[in-house]
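Enquirer: Okay, so here is protein-v5.cif, and as you'll see once you scroll down, it has mmCIF, C-alpha atoms.
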data_protein
loop_
_atom_site.group_PDB
_atom_site.id
_atom_site.type_symbol
_atom_site.label_atom_id
_atom_site.label_comp_id
_atom_site.auth_asym_id
_atom_site.auth_seq_id
_atom_site.Cartn_x
_atom_site.Cartn_y
_atom_site.Cartn_z
ATOM 1 C CA MET J 1 32.743 -19.368 11.177
ATOM 2 C CA GLU J 2 30.414 -18.817 8.284
ATOM 3 C CA GLU J 3 27.970 -15.943 8.433
ATOM 4 C CA GLN J 4 24.408 -17.180 8.303
ATOM 5 C CA VAL J 5 22.244 -15.678 5.555
ATOM 6 C CA GLN J 6 18.687 -14.766 6.415
ATOM 7 C CA SER J 7 15.795 -16.308 4.535
ATOM 8 C CA PRO J 8 13.603 -13.901 2.543
ATOM 9 C CA PHE J 9 10.996 -14.120 5.316
ATOM 10 C CA GLN J 10 13.476 -13.267 8.067
ATOM 11 C CA ALA J 11 15.005 -10.476 6.002
ATOM 12 C CA ALA J 12 11.570 -8.991 5.186
ATOM 13 C CA VAL J 13 10.346 -8.599 8.777
ATOM 14 C CA LYS J 14 12.374 -5.519 9.724
ATOM 15 C CA PRO J 15 11.829 -3.673 6.392
ATOM 16 C CA GLY J 16 8.122 -4.575 6.498
ATOM 17 C CA LEU J 17 7.752 -3.129 9.980
ATOM 18 C CA THR J 18 9.771 -0.065 9.002
ATOM 19 C CA ILE J 19 7.765 0.627 5.851
ATOM 20 C CA GLY J 20 4.490 0.035 7.711
ATOM 21 C CA LEU J 21 5.500 2.477 10.439
ATOM 22 C CA VAL J 22 6.625 5.043 7.844
ATOM 23 C CA ALA J 23 3.261 4.689 6.089
ATOM 24 C CA LEU J 24 1.466 5.134 9.399
ATOM 25 C CA ALA J 25 3.559 8.171 10.270
ATOM 26 C CA ILE J 26 2.741 9.758 6.900
ATOM 27 C CA THR J 27 -0.955 8.960 7.378
ATOM 28 C CA TYR J 28 -1.080 10.394 10.885
ATOM 29 C CA VAL J 29 0.902 13.516 9.926
ATOM 30 C CA ALA J 30 -1.498 14.104 7.038
ATOM 31 C CA TYR J 31 -4.426 13.542 9.420
ATOM 32 C CA PHE J 32 -3.097 16.081 11.919
ATOM 33 C CA ILE J 33 -2.277 18.651 9.219
ATOM 34 C CA ASP J 34 -5.580 18.321 7.350
ATOM 35 C CA SER J 35 -7.645 15.148 7.425
ATOM 36 C CA THR J 36 -8.980 15.853 3.930
ATOM 37 C CA LEU J 37 -5.493 15.054 2.579
ATOM 38 C CA LEU J 38 -6.273 11.383 3.235
ATOM 39 C CA ALA J 39 -8.875 11.457 0.450
ATOM 40 C CA SER J 40 -6.528 13.209 -1.969
ATOM 41 C CA GLY J 41 -5.219 11.374 -5.000
ATOM 42 C CA TRP J 42 -1.887 13.155 -4.608
ATOM 43 C CA PHE J 43 -1.491 11.788 -1.094
ATOM 44 C CA GLY J 44 -2.009 8.254 -2.384
ATOM 45 C CA LEU J 45 0.443 8.777 -5.226
ATOM 46 C CA VAL J 46 3.162 10.117 -2.907
ATOM 47 C CA ALA J 47 2.580 7.202 -0.514
ATOM 48 C CA ILE J 48 2.955 4.670 -3.346
ATOM 49 C CA VAL J 49 6.191 6.262 -4.569
ATOM 50 C CA ILE J 50 7.657 6.208 -1.046
ATOM 51 C CA PHE J 51 6.493 2.591 -0.693
ATOM 52 C CA PHE J 52 8.270 1.526 -3.912
ATOM 53 C CA VAL J 53 11.458 3.436 -3.121
ATOM 54 C CA LEU J 54 11.730 1.900 0.354
ATOM 55 C CA ILE J 55 11.125 -1.654 -0.857
ATOM 56 C CA ILE J 56 13.755 -1.276 -3.579
ATOM 57 C CA TYR J 57 16.177 0.230 -1.059
ATOM 58 C CA PHE J 58 15.698 -2.604 1.439
ATOM 59 C CA GLY J 59 15.708 -5.186 -1.368
ATOM 60 C CA ARG J 60 19.080 -3.963 -2.592
ATOM 61 C CA GLN J 61 20.405 -4.123 0.955
ATOM 62 C CA TYR J 62 19.239 -7.725 1.202
ATOM 63 C CA ARG J 63 20.765 -8.549 -2.184
ATOM 64 C CA THR J 64 24.080 -7.138 -0.936
ATOM 65 C CA GLU J 65 23.810 -9.359 2.164
ATOM 66 C CA LEU J 66 23.383 -12.325 -0.168
ATOM 67 C CA GLY J 67 26.636 -11.510 -1.924
ATOM 68 C CA GLY J 68 25.331 -9.152 -4.587
ATOM 69 C CA PHE J 69 23.130 -11.670 -6.379
ATOM 70 C CA MET J 70 19.513 -12.666 -5.876
ATOM 71 C CA THR J 71 17.211 -14.931 -7.836
ATOM 72 C CA PHE J 72 13.830 -13.760 -9.021
ATOM 73 C CA GLY J 73 12.089 -16.116 -6.565
ATOM 74 C CA THR J 74 14.023 -14.783 -3.598
ATOM 75 C CA ALA J 75 13.404 -11.178 -4.699
ATOM 76 C CA PHE J 76 9.688 -11.897 -5.162
ATOM 77 C CA ASN J 77 9.388 -13.575 -1.752
ATOM 78 C CA PHE J 78 11.255 -10.755 -0.033
ATOM 79 C CA SER J 79 9.111 -8.070 -1.705
ATOM 80 C CA PHE J 80 5.801 -9.858 -1.138
ATOM 81 C CA ILE J 81 6.460 -10.625 2.530
ATOM 82 C CA THR J 82 7.691 -7.075 3.122
ATOM 83 C CA MET J 83 4.474 -5.690 1.623
ATOM 84 C CA ILE J 84 2.264 -8.048 3.629
ATOM 85 C CA ILE J 85 3.934 -7.068 6.892
ATOM 86 C CA SER J 86 3.835 -3.349 6.092
ATOM 87 C CA GLY J 87 0.218 -3.705 4.966
ATOM 88 C CA LEU J 88 -0.735 -5.358 8.260
ATOM 89 C CA VAL J 89 0.983 -2.609 10.272
ATOM 90 C CA SER J 90 -0.786 0.052 8.193
ATOM 91 C CA LEU J 91 -4.112 -1.754 8.508
ATOM 92 C CA VAL J 92 -3.890 -1.873 12.301
ATOM 93 C CA GLY J 93 -2.948 1.822 12.430
ATOM 94 C CA GLN J 94 -5.758 2.834 10.090
ATOM 95 C CA ILE J 95 -8.304 0.773 12.019
ATOM 96 C CA LEU J 96 -7.197 2.624 15.151
ATOM 97 C CA LEU J 97 -7.492 5.968 13.367
ATOM 98 C CA TYR J 98 -10.893 5.328 11.784
ATOM 99 C CA GLN J 99 -12.554 3.318 14.548
ATOM 100 C CA VAL J 100 -10.992 4.583 17.801
ATOM 101 C CA ILE J 101 -9.191 7.931 17.454
ATOM 102 C CA ASP J 102 -11.676 9.672 15.132
ATOM 103 C CA PRO J 103 -14.831 7.638 14.463
ATOM 104 C CA ASP J 104 -16.307 10.572 12.484
ATOM 105 C CA LEU J 105 -13.403 10.612 10.021
ATOM 106 C CA PRO J 106 -14.683 7.748 7.823
ATOM 107 C CA GLN J 107 -17.855 9.676 6.989
ATOM 108 C CA VAL J 108 -15.881 12.837 6.188
ATOM 109 C CA LEU J 109 -13.525 10.880 3.926
ATOM 110 C CA ALA J 110 -16.428 8.995 2.333
ATOM 111 C CA ASP J 111 -18.129 12.300 1.472
ATOM 112 C CA LEU J 112 -14.891 13.666 0.009
ATOM 113 C CA THR J 113 -14.353 10.463 -1.977
ATOM 114 C CA PHE J 114 -17.915 10.691 -3.311
ATOM 115 C CA GLU J 115 -17.375 14.308 -4.376
ATOM 116 C CA ASN J 116 -14.029 13.397 -5.955
ATOM 117 C CA SER J 117 -15.744 10.583 -7.884
ATOM 118 C CA LEU J 118 -18.339 12.968 -9.272
ATOM 119 C CA SER J 119 -15.731 15.553 -10.274
ATOM 120 C CA MET J 120 -13.658 12.804 -11.920
ATOM 121 C CA MET J 121 -16.730 11.787 -13.925
ATOM 122 C CA GLU J 122 -17.097 15.383 -15.095
ATOM 123 C CA LYS J 123 -13.445 15.531 -16.142
ATOM 124 C CA PHE J 124 -13.979 12.465 -18.325
ATOM 125 C CA GLY J 125 -17.024 14.013 -19.947
ATOM 126 C CA ALA J 126 -19.781 12.212 -18.039
ATOM 127 C CA ASN J 127 -22.539 14.274 -16.494
ATOM 128 C CA PRO J 128 -23.194 13.249 -12.872
ATOM 129 C CA ASP J 129 -26.643 14.848 -13.118
ATOM 130 C CA SER J 130 -27.594 12.157 -15.638
ATOM 131 C CA LEU J 131 -27.190 9.461 -12.992
ATOM 132 C CA SER J 132 -30.272 8.145 -11.290
ATOM 133 C CA PRO J 133 -30.658 8.660 -7.525
ATOM 134 C CA ALA J 134 -30.116 4.910 -7.072
ATOM 135 C CA GLN J 135 -26.803 5.068 -8.945
ATOM 136 C CA LEU J 136 -25.693 8.072 -6.905
ATOM 137 C CA GLU J 137 -26.626 6.266 -3.696
ATOM 138 C CA GLU J 138 -24.675 3.207 -4.831
ATOM 139 C CA ILE J 139 -21.565 5.345 -5.428
ATOM 140 C CA ARG J 140 -22.037 7.009 -2.028
ATOM 141 C CA GLU J 141 -22.415 3.661 -0.229
ATOM 142 C CA SER J 142 -19.402 2.251 -2.048
ATOM 143 C CA SER J 143 -17.367 5.242 -0.886
ATOM 144 C CA SER J 144 -18.584 4.813 2.696
ATOM 145 C CA SER J 145 -18.034 1.066 2.846
ATOM 146 C CA ASN J 146 -14.303 1.435 2.159
ATOM 147 C CA PHE J 147 -13.795 3.075 5.557
ATOM 148 C CA THR J 148 -15.701 0.561 7.688
ATOM 149 C CA LEU J 149 -13.867 -2.184 9.564
ATOM 150 C CA ALA J 150 -15.193 -4.811 7.143
ATOM 151 C CA GLY J 151 -14.318 -2.572 4.204
ATOM 152 C CA GLN J 152 -10.779 -2.108 5.462
ATOM 153 C CA LEU J 153 -10.320 -5.860 5.920
ATOM 154 C CA LYS J 154 -11.786 -6.538 2.482
ATOM 155 C CA GLY J 155 -9.515 -3.868 1.023
ATOM 156 C CA PHE J 156 -6.499 -5.568 2.575
ATOM 157 C CA GLY J 157 -7.632 -8.877 1.071
ATOM 158 C CA PHE J 158 -7.819 -7.336 -2.402
ATOM 159 C CA GLY J 159 -4.568 -5.560 -1.622
ATOM 160 C CA LEU J 160 -2.868 -8.954 -1.343
ATOM 161 C CA ILE J 161 -3.546 -9.493 -5.042
ATOM 162 C CA ALA J 162 -2.049 -6.091 -5.829
ATOM 163 C CA TYR J 163 0.900 -6.872 -3.542
ATOM 164 C CA ALA J 164 1.570 -10.068 -5.505
ATOM 165 C CA ILE J 165 1.544 -8.197 -8.819
ATOM 166 C CA ILE J 166 3.798 -5.449 -7.442
ATOM 167 C CA ALA J 167 6.101 -8.099 -5.960
ATOM 168 C CA LEU J 168 6.444 -9.661 -9.420
ATOM 169 C CA ILE J 169 7.563 -6.297 -10.788
ATOM 170 C CA LEU J 170 9.895 -5.664 -7.855
ATOM 171 C CA GLY J 171 11.259 -9.199 -8.148
ATOM 172 C CA ALA J 172 12.246 -8.444 -11.726
ATOM 173 C CA VAL J 173 13.829 -5.133 -10.649
ATOM 174 C CA LEU J 174 15.743 -6.590 -7.691
ATOM 175 C CA LYS J 175 16.977 -9.861 -9.163
ATOM 176 C CA LYS J 176 20.559 -10.063 -10.248
ATOM 177 C CA ARG J 177 22.045 -13.185 -11.777
ATOM 178 C CA ASP J 178 25.613 -14.321 -11.171
ATOM 179 C CA LYS J 179 26.824 -14.598 -14.748
ATOM 180 C CA SER J 180 30.005 -16.360 -13.671
ATOM 181 C CA LEU J 181 27.889 -19.479 -13.035
ATOM 182 C CA ASP J 182 26.858 -19.629 -16.714
ATOM 183 C CA TYR J 183 30.015 -21.482 -17.703
#
Written as structure tokens, how would this file's structure read?
Expert:
Amino acid sequence: MEEQVQSPFQAAVKPGLTIGLVALAITYVAYFIDSTLLASGWFGLVAIVIFFVLIIYFGRQYRTELGGFMTFGTAFNFSFITMIISGLVSLVGQILLYQVIDPDLPQVLADLTFENSLSMMEKFGANPDSLSPAQLEEIRESSSSNFTLAGQLKGFGFGLIAYAIIALILGAVLKKRDKSLDY
């Protein structure tokens, strides 16, 4: 009997769930260690690196299942679906964290994000004191809105665009053409 090969969607479900759960575990560990880590740029950078490494790892496993070769389209579909599934798992976990487990956390993180924005402005040579109170309030509200339920859902929607771009890159990394078919 011939072994049946999974479609990119079928193959992406398990890695997507795994990556989403890993992302949630990292988020919750950071929360329990020090919730201010969640507003840290370093935390986000480490999370992105882990995200990329895991998708490439699972993508190579899938390519091996396919016989060692994978088209760009298949690699793109696998990567994109994996990211959507992991993003949904992460979204649900973060909604639970921000809305149920610790409803005060969004305000703490929004304040930290606002302070980080002002210090970033200073590092680039802008003087935050030169901003009008209305501009400062706009930055503060923008920081706060990212942690609301609507803000999280909107962020996931914009994240889909980023996922598509990242999936294009990962598709190019993961594809491997069977050169024996060129003749």
Enquirer: How many Å separate atom CA of Met70 of chain J from atom CA of Lys175 of chain J?
Expert: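 Separation between atom CA of Met70 of chain J and atom CA of Lys175 of chain J: 5.0 Å.
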Enquirer: By how many Å are atom CA of Ala110 of chain J and atom CA of Phe147 of chain J apart?
Expert: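 Interatomic distance, atom CA of Ala110 of chain J to atom CA of Phe147 of chain J: 7.2 Å.
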Enquirer: Report the residues retrieved by the PyMOL selection byres ((chain J and resi 76-91) around 6) from the displayed file, expressed as a CSV table (one decimal) with C-alpha atoms, in the frame of the given file.
Expert:
chain,number,residue,atom,x,y,z
J,8,PRO,CA,13.6,-13.9,2.5
J,12,ALA,CA,11.6,-9.0,5.2
J,16,GLY,CA,8.1,-4.6,6.5
J,17,LEU,CA,7.8,-3.1,10.0
J,19,ILE,CA,7.8,0.6,5.9
J,20,GLY,CA,4.5,0.0,7.7
J,24,LEU,CA,1.5,5.1,9.4
J,72,PHE,CA,13.8,-13.8,-9.0
J,73,GLY,CA,12.1,-16.1,-6.6
J,74,THR,CA,14.0,-14.8,-3.6
J,75,ALA,CA,13.4,-11.2,-4.7
J,92,VAL,CA,-3.9,-1.9,12.3
J,93,GLY,CA,-2.9,1.8,12.4
J,94,GLN,CA,-5.8,2.8,10.1
J,167,ALA,CA,6.1,-8.1,-6.0
J,168,LEU,CA,6.4,-9.7,-9.4
J,171,GLY,CA,11.3,-9.2,-8.1
Enquirer: Give me the residues near segment 114-120 of chain J as a short mmCIF file (atom, residue, chain, number, x, y, z; two decimals) with C-alpha atoms, in the frame of the given file, where near means some atom within 8 Å (using all atoms listed in the file) and where sequence neighbours in that chain fewer than 6 positions away do not count.
Expert:
data_model
loop_
_atom_site.label_atom_id
_atom_site.label_comp_id
_atom_site.auth_asym_id
_atom_site.auth_seq_id
_atom_site.Cartn_x
_atom_site.Cartn_y
_atom_site.Cartn_z
CA PRO J 128 -23.19 13.25 -12.87
CA ILE J 139 -21.56 5.34 -5.43
CA ARG J 140 -22.04 7.01 -2.03
CA SER J 143 -17.37 5.24 -0.89
#
Enquirer: So how many Å separate atom CA of Glu122 of chain J and atom CA of Gln135 of chain J, to one decimal?
Expert: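 Distance reported for this atom pair: 15.4 Å.
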Enquirer: Hey, which of J:Phe158, J:Val173, J:Leu38, J:Phe9 ends up closest to Tyr98 of chain J? Count only C-alpha atoms.
Expert: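 Among the listed residues, the smallest separation from Tyr98 of chain J belongs to J:Leu38.
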Enquirer: List, as a PyMOL selection string, every residue that the PyMOL selection byres ((chain J and resi 65) around 12) selects in the file provided.
Expert: chain J and resi 3-8+11+58-64+66-70
Enquirer: Identify which of the residues J:Gly41, J:Gln107, J:Thr18, J:Gln10 lies closest to Ser142 of chain J, counting all atoms listed in the file when measuring atom-to-atom distances.
Expert: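 The answer is J:Gln107, which sits nearest to Ser142 of chain J.
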Enquirer: Got a sec to resolve the PyMOL selection byres ((chain J and resi 30) around 12) on this structure and send the residues as an MDAnalysis selection string?
Expert: chainID J and resid 23:29 31:40 42:44 46:47 97
Enquirer: When you count all atoms listed in the file, which of these residues is closest to Leu174 of chain J: J:Ile56, J:Leu21, J:Ile48, J:Val13?
Expert: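 Result for the nearest residue to Leu174 of chain J: J:Ile56.
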Enquirer: Once 8 Å is added on each side, what are the centre and the three edge lengths, in Å to one decimal, of the axis-aligned box enclosing the listed atoms of segment 55-67 of chain J? Present them as JSON.
Expert:
{"center_x": 18.9, "center_y": -6.0, "center_z": -0.7, "size_x": 31.5, "size_y": 28.6, "size_z": 21.7}
Enquirer: With all atoms listed in the file as the basis for distance, which of J:Pro106, J:Leu96, J:Gln152, J:Thr71 is at the shortest distance from Ala172 of chain J?
Expert: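 Between J:Pro106, J:Leu96, J:Gln152, J:Thr71, the residue approaching Ala172 of chain J most closely is J:Thr71.
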Enquirer: Some atoms are missing, so please complete segment 70-95 of chain J with N, CA and C atoms and return it as a PDB file, keeping the file's coordinate frame.
Expert:
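part_24.pdb was written with the following content:
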ATOM      1  N   MET J  70      20.782 -12.179  -6.426  1.00  0.00           N
ATOM      2  CA  MET J  70      19.513 -12.666  -5.876  1.00  0.00           C
ATOM      3  C   MET J  70      18.666 -13.197  -7.027  1.00  0.00           C
ATOM      4  N   THR J  71      18.080 -14.352  -6.810  1.00  0.00           N
ATOM      5  CA  THR J  71      17.211 -14.931  -7.836  1.00  0.00           C
ATOM      6  C   THR J  71      15.872 -14.193  -7.845  1.00  0.00           C
ATOM      7  N   PHE J  72      15.149 -14.377  -8.923  1.00  0.00           N
ATOM      8  CA  PHE J  72      13.830 -13.760  -9.021  1.00  0.00           C
ATOM      9  C   PHE J  72      12.920 -14.250  -7.899  1.00  0.00           C
ATOM     10  N   GLY J  73      12.949 -15.548  -7.608  1.00  0.00           N
ATOM     11  CA  GLY J  73      12.089 -16.116  -6.565  1.00  0.00           C
ATOM     12  C   GLY J  73      12.381 -15.517  -5.201  1.00  0.00           C
ATOM     13  N   THR J  74      13.644 -15.379  -4.875  1.00  0.00           N
ATOM     14  CA  THR J  74      14.023 -14.783  -3.598  1.00  0.00           C
ATOM     15  C   THR J  74      13.586 -13.320  -3.545  1.00  0.00           C
ATOM     16  N   ALA J  75      13.802 -12.590  -4.644  1.00  0.00           N
ATOM     17  CA  ALA J  75      13.404 -11.178  -4.699  1.00  0.00           C
ATOM     18  C   ALA J  75      11.880 -11.039  -4.581  1.00  0.00           C
ATOM     19  N   PHE J  76      11.152 -11.930  -5.253  1.00  0.00           N
ATOM     20  CA  PHE J  76       9.688 -11.897  -5.162  1.00  0.00           C
ATOM     21  C   PHE J  76       9.237 -12.169  -3.736  1.00  0.00           C
ATOM     22  N   ASN J  77       9.775 -13.225  -3.121  1.00  0.00           N
ATOM     23  CA  ASN J  77       9.388 -13.575  -1.752  1.00  0.00           C
ATOM     24  C   ASN J  77       9.691 -12.436  -0.786  1.00  0.00           C
ATOM     25  N   PHE J  78      10.881 -11.869  -0.897  1.00  0.00           N
ATOM     26  CA  PHE J  78      11.255 -10.755  -0.033  1.00  0.00           C
ATOM     27  C   PHE J  78      10.272  -9.597  -0.195  1.00  0.00           C
ATOM     28  N   SER J  79      10.005  -9.207  -1.436  1.00  0.00           N
ATOM     29  CA  SER J  79       9.111  -8.070  -1.705  1.00  0.00           C
ATOM     30  C   SER J  79       7.694  -8.345  -1.212  1.00  0.00           C
ATOM     31  N   PHE J  80       7.181  -9.521  -1.510  1.00  0.00           N
ATOM     32  CA  PHE J  80       5.801  -9.858  -1.138  1.00  0.00           C
ATOM     33  C   PHE J  80       5.631  -9.898   0.382  1.00  0.00           C
ATOM     34  N   ILE J  81       6.560 -10.528   1.073  1.00  0.00           N
ATOM     35  CA  ILE J  81       6.460 -10.625   2.530  1.00  0.00           C
ATOM     36  C   ILE J  81       6.613  -9.248   3.164  1.00  0.00           C
ATOM     37  N   THR J  82       7.524  -8.443   2.620  1.00  0.00           N
ATOM     38  CA  THR J  82       7.691  -7.075   3.122  1.00  0.00           C
ATOM     39  C   THR J  82       6.384  -6.305   2.990  1.00  0.00           C
ATOM     40  N   MET J  83       5.733  -6.418   1.837  1.00  0.00           N
ATOM     41  CA  MET J  83       4.474  -5.690   1.623  1.00  0.00           C
ATOM     42  C   MET J  83       3.358  -6.206   2.518  1.00  0.00           C
ATOM     43  N   ILE J  84       3.293  -7.501   2.741  1.00  0.00           N
ATOM     44  CA  ILE J  84       2.264  -8.048   3.629  1.00  0.00           C
ATOM     45  C   ILE J  84       2.455  -7.510   5.049  1.00  0.00           C
ATOM     46  N   ILE J  85       3.672  -7.548   5.530  1.00  0.00           N
ATOM     47  CA  ILE J  85       3.934  -7.068   6.892  1.00  0.00           C
ATOM     48  C   ILE J  85       3.639  -5.573   7.002  1.00  0.00           C
ATOM     49  N   SER J  86       4.101  -4.790   6.038  1.00  0.00           N
ATOM     50  CA  SER J  86       3.835  -3.349   6.092  1.00  0.00           C
ATOM     51  C   SER J  86       2.343  -3.073   5.944  1.00  0.00           C
ATOM     52  N   GLY J  87       1.663  -3.858   5.125  1.00  0.00           N
ATOM     53  CA  GLY J  87       0.218  -3.705   4.966  1.00  0.00           C
ATOM     54  C   GLY J  87      -0.532  -4.001   6.252  1.00  0.00           C
ATOM     55  N   LEU J  88      -0.092  -5.032   6.981  1.00  0.00           N
ATOM     56  CA  LEU J  88      -0.735  -5.358   8.260  1.00  0.00           C
ATOM     57  C   LEU J  88      -0.523  -4.254   9.289  1.00  0.00           C
ATOM     58  N   VAL J  89       0.704  -3.716   9.345  1.00  0.00           N
ATOM     59  CA  VAL J  89       0.983  -2.609  10.272  1.00  0.00           C
ATOM     60  C   VAL J  89       0.109  -1.405   9.920  1.00  0.00           C
ATOM     61  N   SER J  90       0.041  -1.074   8.641  1.00  0.00           N
ATOM     62  CA  SER J  90      -0.786   0.052   8.193  1.00  0.00           C
ATOM     63  C   SER J  90      -2.259  -0.192   8.488  1.00  0.00           C
ATOM     64  N   LEU J  91      -2.710  -1.411   8.257  1.00  0.00           N
ATOM     65  CA  LEU J  91      -4.112  -1.754   8.508  1.00  0.00           C
ATOM     66  C   LEU J  91      -4.470  -1.547   9.978  1.00  0.00           C
ATOM     67  N   VAL J  92      -3.627  -2.035  10.871  1.00  0.00           N
ATOM     68  CA  VAL J  92      -3.890  -1.873  12.301  1.00  0.00           C
ATOM     69  C   VAL J  92      -3.937  -0.384  12.663  1.00  0.00           C
ATOM     70  N   GLY J  93      -2.977   0.385  12.146  1.00  0.00           N
ATOM     71  CA  GLY J  93      -2.948   1.822  12.430  1.00  0.00           C
ATOM     72  C   GLY J  93      -4.149   2.561  11.875  1.00  0.00           C
ATOM     73  N   GLN J  94      -4.596   2.172  10.680  1.00  0.00           N
ATOM     74  CA  GLN J  94      -5.758   2.834  10.090  1.00  0.00           C
ATOM     75  C   GLN J  94      -7.044   2.436  10.802  1.00  0.00           C
ATOM     76  N   ILE J  95      -7.128   1.187  11.240  1.00  0.00           N
ATOM     77  CA  ILE J  95      -8.304   0.773  12.019  1.00  0.00           C
ATOM     78  C   ILE J  95      -8.365   1.592  13.300  1.00  0.00           C
TER      79      ILE J  95
END
